[in-house]
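Data block below; observations after.
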Amino acid sequence: MAVPEVLGLPRGRALTREDLDAMPDDGHRYELIDGVLLVSPAPRPVHQRVLRELLFALDRVMPEDHEVLFAPLDVVLAEDTVIQPDLLVAPRAAFTERDLPAAPLLAVEVLSPSTRNIDLLLKKERLQRAGCAHYWVVDPDVPSVTAWTLIDGEYAEVARAAGAERFEVVEPLALSLVPSELID
């Protein structure tokens, strides 16, 4: 059975945010990219450890008027594109009671076997199109962190570190960390 039939979703048209709101609260992460439903299973423990450590590191350097939050939290890039980055940074004033109705300043994804290609291709491209200034990807299996910054409408790699190497960036926040320490 196709996913739309199982979930009672409309067939033959791109899905919208309204359709996404009808999704069940069943432990899966439901996202839309250009009207296509993406369903992700619960993450592995290593994924959650990396998120915890990165959240703490970002929170320590966060300006008072900005906030770092973690999924699930909807980021509405278009009526047919609603994603939930693993971590995101945005000005406090940009959030509504329900979501972040625009691209964040920084979106971070922690790669999982089931989401690797989505994070590295689809989400990265869609965030670039939406004007998300900074996009980071953490690969817990290496471990590594790669950072891209939007320059003239295109993402350019600005930092990368693996294992015991030091990952250092000055934008959007001054941050220094060692990727292998994120998984300990």
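Labeling convention for the structure tokens: chains A, B, ... as they appear, residues from 1 per chain, ligands from 1 in order of appearance.
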Worksheet entry | Exercise: Glu31 of chain A partners within 10 Å, only C-alpha atoms, chain neighbours under 6 positions left out, as JSON, numbers by chain | {"A": [17, 20, 23, 37, 38, 39, 40, 72, 74, 75, 76, 80, 81, 82, 83, 84, 85]}
Item to complete: Show which residues sit within 12 Å of Phe56 of chain A, as a ChimeraX atom specification. Count only C-alpha atoms, and ignore same-chain residues fewer than 3 positions away.
Response: /A:49-53,59-62,67-70,87,175,177,182
Can you write just those residues out, C-alpha atoms, as a PDB file, in the first residue's frame?
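The resulting out.pdb:
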```
ATOM      1  CA  ARG A  49      24.231  12.194  21.668  1.00  0.00           C
ATOM      2  CA  VAL A  50      25.681  14.326  18.886  1.00  0.00           C
ATOM      3  CA  LEU A  51      22.636  16.602  19.001  1.00  0.00           C
ATOM      4  CA  ARG A  52      22.933  16.985  22.769  1.00  0.00           C
ATOM      5  CA  GLU A  53      26.609  17.915  22.650  1.00  0.00           C
ATOM      6  CA  ASP A  59      23.980  27.408  23.464  1.00  0.00           C
ATOM      7  CA  ARG A  60      27.196  28.518  25.192  1.00  0.00           C
ATOM      8  CA  VAL A  61      27.978  30.984  22.369  1.00  0.00           C
ATOM      9  CA  MET A  62      24.417  32.012  21.491  1.00  0.00           C
ATOM     10  CA  GLU A  67      17.893  30.809  20.047  1.00  0.00           C
ATOM     11  CA  VAL A  68      19.023  27.276  19.224  1.00  0.00           C
ATOM     12  CA  LEU A  69      16.220  24.697  19.060  1.00  0.00           C
ATOM     13  CA  PHE A  70      16.012  21.062  17.990  1.00  0.00           C
ATOM     14  CA  LEU A  87      19.105  21.833  15.125  1.00  0.00           C
ATOM     15  CA  LEU A 175      32.535  28.063  17.637  1.00  0.00           C
ATOM     16  CA  LEU A 177      34.891  21.904  18.683  1.00  0.00           C
ATOM     17  CA  LEU A 182      30.559  14.958  19.993  1.00  0.00           C
TER      18      LEU A 182
END
```
Could you pull the residues within 10 Å of Pro91 of chain A, counting only C-alpha atoms, minus those fewer than 3 positions along the same chain, as an mmCIF file with all heavy atoms, in the first residue's frame?
```cif
data_model
loop_
_atom_site.group_PDB
_atom_site.id
_atom_site.type_symbol
_atom_site.label_atom_id
_atom_site.label_comp_id
_atom_site.auth_asym_id
_atom_site.auth_seq_id
_atom_site.Cartn_x
_atom_site.Cartn_y
_atom_site.Cartn_z
ATOM 1 N N PRO A 63 24.041 34.399 21.076
ATOM 2 C CA PRO A 63 23.670 35.753 21.515
ATOM 3 C C PRO A 63 22.289 35.715 22.180
ATOM 4 O O PRO A 63 21.457 34.870 21.852
ATOM 5 C CB PRO A 63 23.612 36.562 20.225
ATOM 6 C CG PRO A 63 24.205 35.714 19.171
ATOM 7 C CD PRO A 63 24.179 34.305 19.636
ATOM 8 N N GLU A 64 22.043 36.648 23.064
ATOM 9 C CA GLU A 64 20.801 36.666 23.831
ATOM 10 C C GLU A 64 19.560 36.804 22.949
ATOM 11 O O GLU A 64 18.494 36.287 23.284
ATOM 12 C CB GLU A 64 20.845 37.819 24.831
ATOM 13 C CG GLU A 64 20.038 37.558 26.069
ATOM 14 C CD GLU A 64 20.298 38.615 27.115
ATOM 15 O OE1 GLU A 64 21.381 38.582 27.729
ATOM 16 O OE2 GLU A 64 19.407 39.472 27.290
ATOM 17 N N ASP A 65 19.690 37.471 21.809
ATOM 18 C CA ASP A 65 18.529 37.688 20.957
ATOM 19 C C ASP A 65 18.311 36.570 19.934
ATOM 20 O O ASP A 65 17.454 36.677 19.058
ATOM 21 C CB ASP A 65 18.628 39.036 20.249
ATOM 22 C CG ASP A 65 19.828 39.129 19.327
ATOM 23 O OD1 ASP A 65 20.800 38.359 19.509
ATOM 24 O OD2 ASP A 65 19.820 39.987 18.422
ATOM 25 N N HIS A 66 19.092 35.481 20.032
ATOM 26 C CA HIS A 66 18.943 34.318 19.159
ATOM 27 C C HIS A 66 18.655 33.089 20.015
ATOM 28 O O HIS A 66 18.851 33.106 21.228
ATOM 29 C CB HIS A 66 20.210 34.085 18.335
ATOM 30 C CG HIS A 66 20.324 35.012 17.173
ATOM 31 N ND1 HIS A 66 20.471 36.369 17.309
ATOM 32 C CD2 HIS A 66 20.306 34.772 15.842
ATOM 33 C CE1 HIS A 66 20.548 36.936 16.118
ATOM 34 N NE2 HIS A 66 20.449 35.982 15.211
ATOM 35 N N GLU A 67 18.226 32.028 19.336
ATOM 36 C CA GLU A 67 17.893 30.809 20.047
ATOM 37 C C GLU A 67 18.287 29.610 19.215
ATOM 38 O O GLU A 67 18.164 29.626 17.987
ATOM 39 C CB GLU A 67 16.382 30.804 20.313
ATOM 40 C CG GLU A 67 15.929 29.767 21.266
ATOM 41 C CD GLU A 67 14.483 30.021 21.728
ATOM 42 O OE1 GLU A 67 13.744 30.780 21.083
ATOM 43 O OE2 GLU A 67 14.131 29.434 22.752
ATOM 44 N N VAL A 68 18.761 28.548 19.889
ATOM 45 C CA VAL A 68 19.023 27.276 19.224
ATOM 46 C C VAL A 68 17.949 26.302 19.708
ATOM 47 O O VAL A 68 17.720 26.165 20.909
ATOM 48 C CB VAL A 68 20.451 26.735 19.507
ATOM 49 C CG1 VAL A 68 20.729 26.571 20.983
ATOM 50 C CG2 VAL A 68 20.686 25.425 18.767
ATOM 51 N N ALA A 94 11.932 35.802 15.352
ATOM 52 C CA ALA A 94 11.500 35.195 14.100
ATOM 53 C C ALA A 94 10.514 34.043 14.305
ATOM 54 O O ALA A 94 9.780 33.685 13.387
ATOM 55 C CB ALA A 94 12.711 34.695 13.309
ATOM 56 N N PHE A 95 10.486 33.469 15.507
ATOM 57 C CA PHE A 95 9.615 32.328 15.778
ATOM 58 C C PHE A 95 8.180 32.784 16.047
ATOM 59 O O PHE A 95 7.955 33.821 16.660
ATOM 60 C CB PHE A 95 10.113 31.543 16.998
ATOM 61 C CG PHE A 95 11.412 30.850 16.777
ATOM 62 C CD1 PHE A 95 12.609 31.461 17.147
ATOM 63 C CD2 PHE A 95 11.461 29.595 16.200
ATOM 64 C CE1 PHE A 95 13.819 30.822 16.952
ATOM 65 C CE2 PHE A 95 12.665 28.955 15.995
ATOM 66 C CZ PHE A 95 13.850 29.561 16.366
ATOM 67 N N LEU A 100 8.863 28.208 12.774
ATOM 68 C CA LEU A 100 9.738 29.242 12.212
ATOM 69 C C LEU A 100 9.262 29.421 10.776
ATOM 70 O O LEU A 100 9.434 28.519 9.946
ATOM 71 C CB LEU A 100 11.201 28.820 12.259
ATOM 72 C CG LEU A 100 12.196 29.834 11.692
ATOM 73 C CD1 LEU A 100 12.194 31.134 12.496
ATOM 74 C CD2 LEU A 100 13.601 29.241 11.661
ATOM 75 N N PRO A 104 16.048 29.473 8.661
ATOM 76 C CA PRO A 104 16.826 29.858 9.838
ATOM 77 C C PRO A 104 18.152 30.494 9.433
ATOM 78 O O PRO A 104 18.541 30.444 8.258
ATOM 79 C CB PRO A 104 17.058 28.526 10.551
ATOM 80 C CG PRO A 104 17.031 27.510 9.465
ATOM 81 C CD PRO A 104 16.059 28.035 8.435
ATOM 82 N N LEU A 105 18.833 31.065 10.393
ATOM 83 C CA LEU A 105 20.185 31.566 10.179
ATOM 84 C C LEU A 105 21.133 30.386 9.956
ATOM 85 O O LEU A 105 22.001 30.421 9.093
ATOM 86 C CB LEU A 105 20.630 32.393 11.387
ATOM 87 C CG LEU A 105 22.071 32.877 11.406
ATOM 88 C CD1 LEU A 105 22.339 33.829 10.248
ATOM 89 C CD2 LEU A 105 22.370 33.552 12.739
#
```
Worksheet item: atom CA of Gln128 of chain A and atom CA of Leu106 of chain A, how far apart in Å?
Response: 11.0 Å
Worksheet item: So, counting only C-alpha atoms, which residue among A:Glu168, A:Glu97, A:Asp19, A:Glu154 is closest to His134 of chain A?
Response: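 Looking at the shortest contact to His134 of chain A, the residue is A:Glu154.
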Discussion item. Quick check for you: according to DSSP on this backbone, which residues of chain A are classed as strand (DSSP E)? Reply as JSON, numbers by chain.
Written reply: {"A": [29, 30, 31, 32, 33, 36, 37, 38, 39, 40, 66, 67, 68, 69, 70, 75, 76, 77, 78, 81, 82, 83, 87, 88, 89, 90, 91, 106, 107, 108, 109, 110, 134, 135, 136, 137, 138, 139, 144, 145, 146, 147, 148, 149, 150, 151, 154, 155, 156, 157, 158, 159, 160, 161, 162, 167, 168, 169, 175, 176, 177]}
Worksheet item: Taking into account only C-alpha atoms, which residue in the set A:Tyr155, A:Ala161, A:Pro140, A:Pro172 is nearest to Ala90 of chain A?
Response: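 Counting only C-alpha atoms, the residue closest to Ala90 of chain A is A:Pro172.
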Discussion item. Just checking: using only C-alpha atoms, which residue out of A:Val178, A:Ala93, A:Leu15, A:Val142 ends up closest to Leu111 of chain A?
Written reply: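 Nearest candidate to Leu111 of chain A out of A:Val178, A:Ala93, A:Leu15, A:Val142: A:Val142.
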Item to complete: Just list the residues in segment 89-150 of chain A DSSP gives helix (DSSP H, G or I) on the backbone, as number ranges by chain.
Response: A: 92-94, 116-130
Item to complete: Within 6 Å of Gly163 of chain A, counting only C-alpha atoms, which residues show up once you throw out same-chain ones fewer than 3 positions away? Write them as a list in words, please.
Response: Pro143, Pro179 and Ser180 of chain A
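Nearest residue to Arg126 of chain A among A:Ala103, A:Ala14, A:Ala42, A:Ile183 is A:Ala103, counting only C-alpha atoms.
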Worksheet item: Which polymer residues have any atom within 7 Å of an atom of Ala147 of chain A, counting only C-alpha atoms, with same-chain residues fewer than 2 positions away left out, as a VMD selection string?
Response: chain A and resid 135 to 137 145 149 157 to 160
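The interatomic distance for the pair atom CA of Arg166 of chain A and atom CA of Val138 of chain A works out to 13.5 Å.
Our summary of the geometry notes that atom CA of Arg129 of chain A is positioned 24.5 Å from atom CA of Leu58 of chain A.
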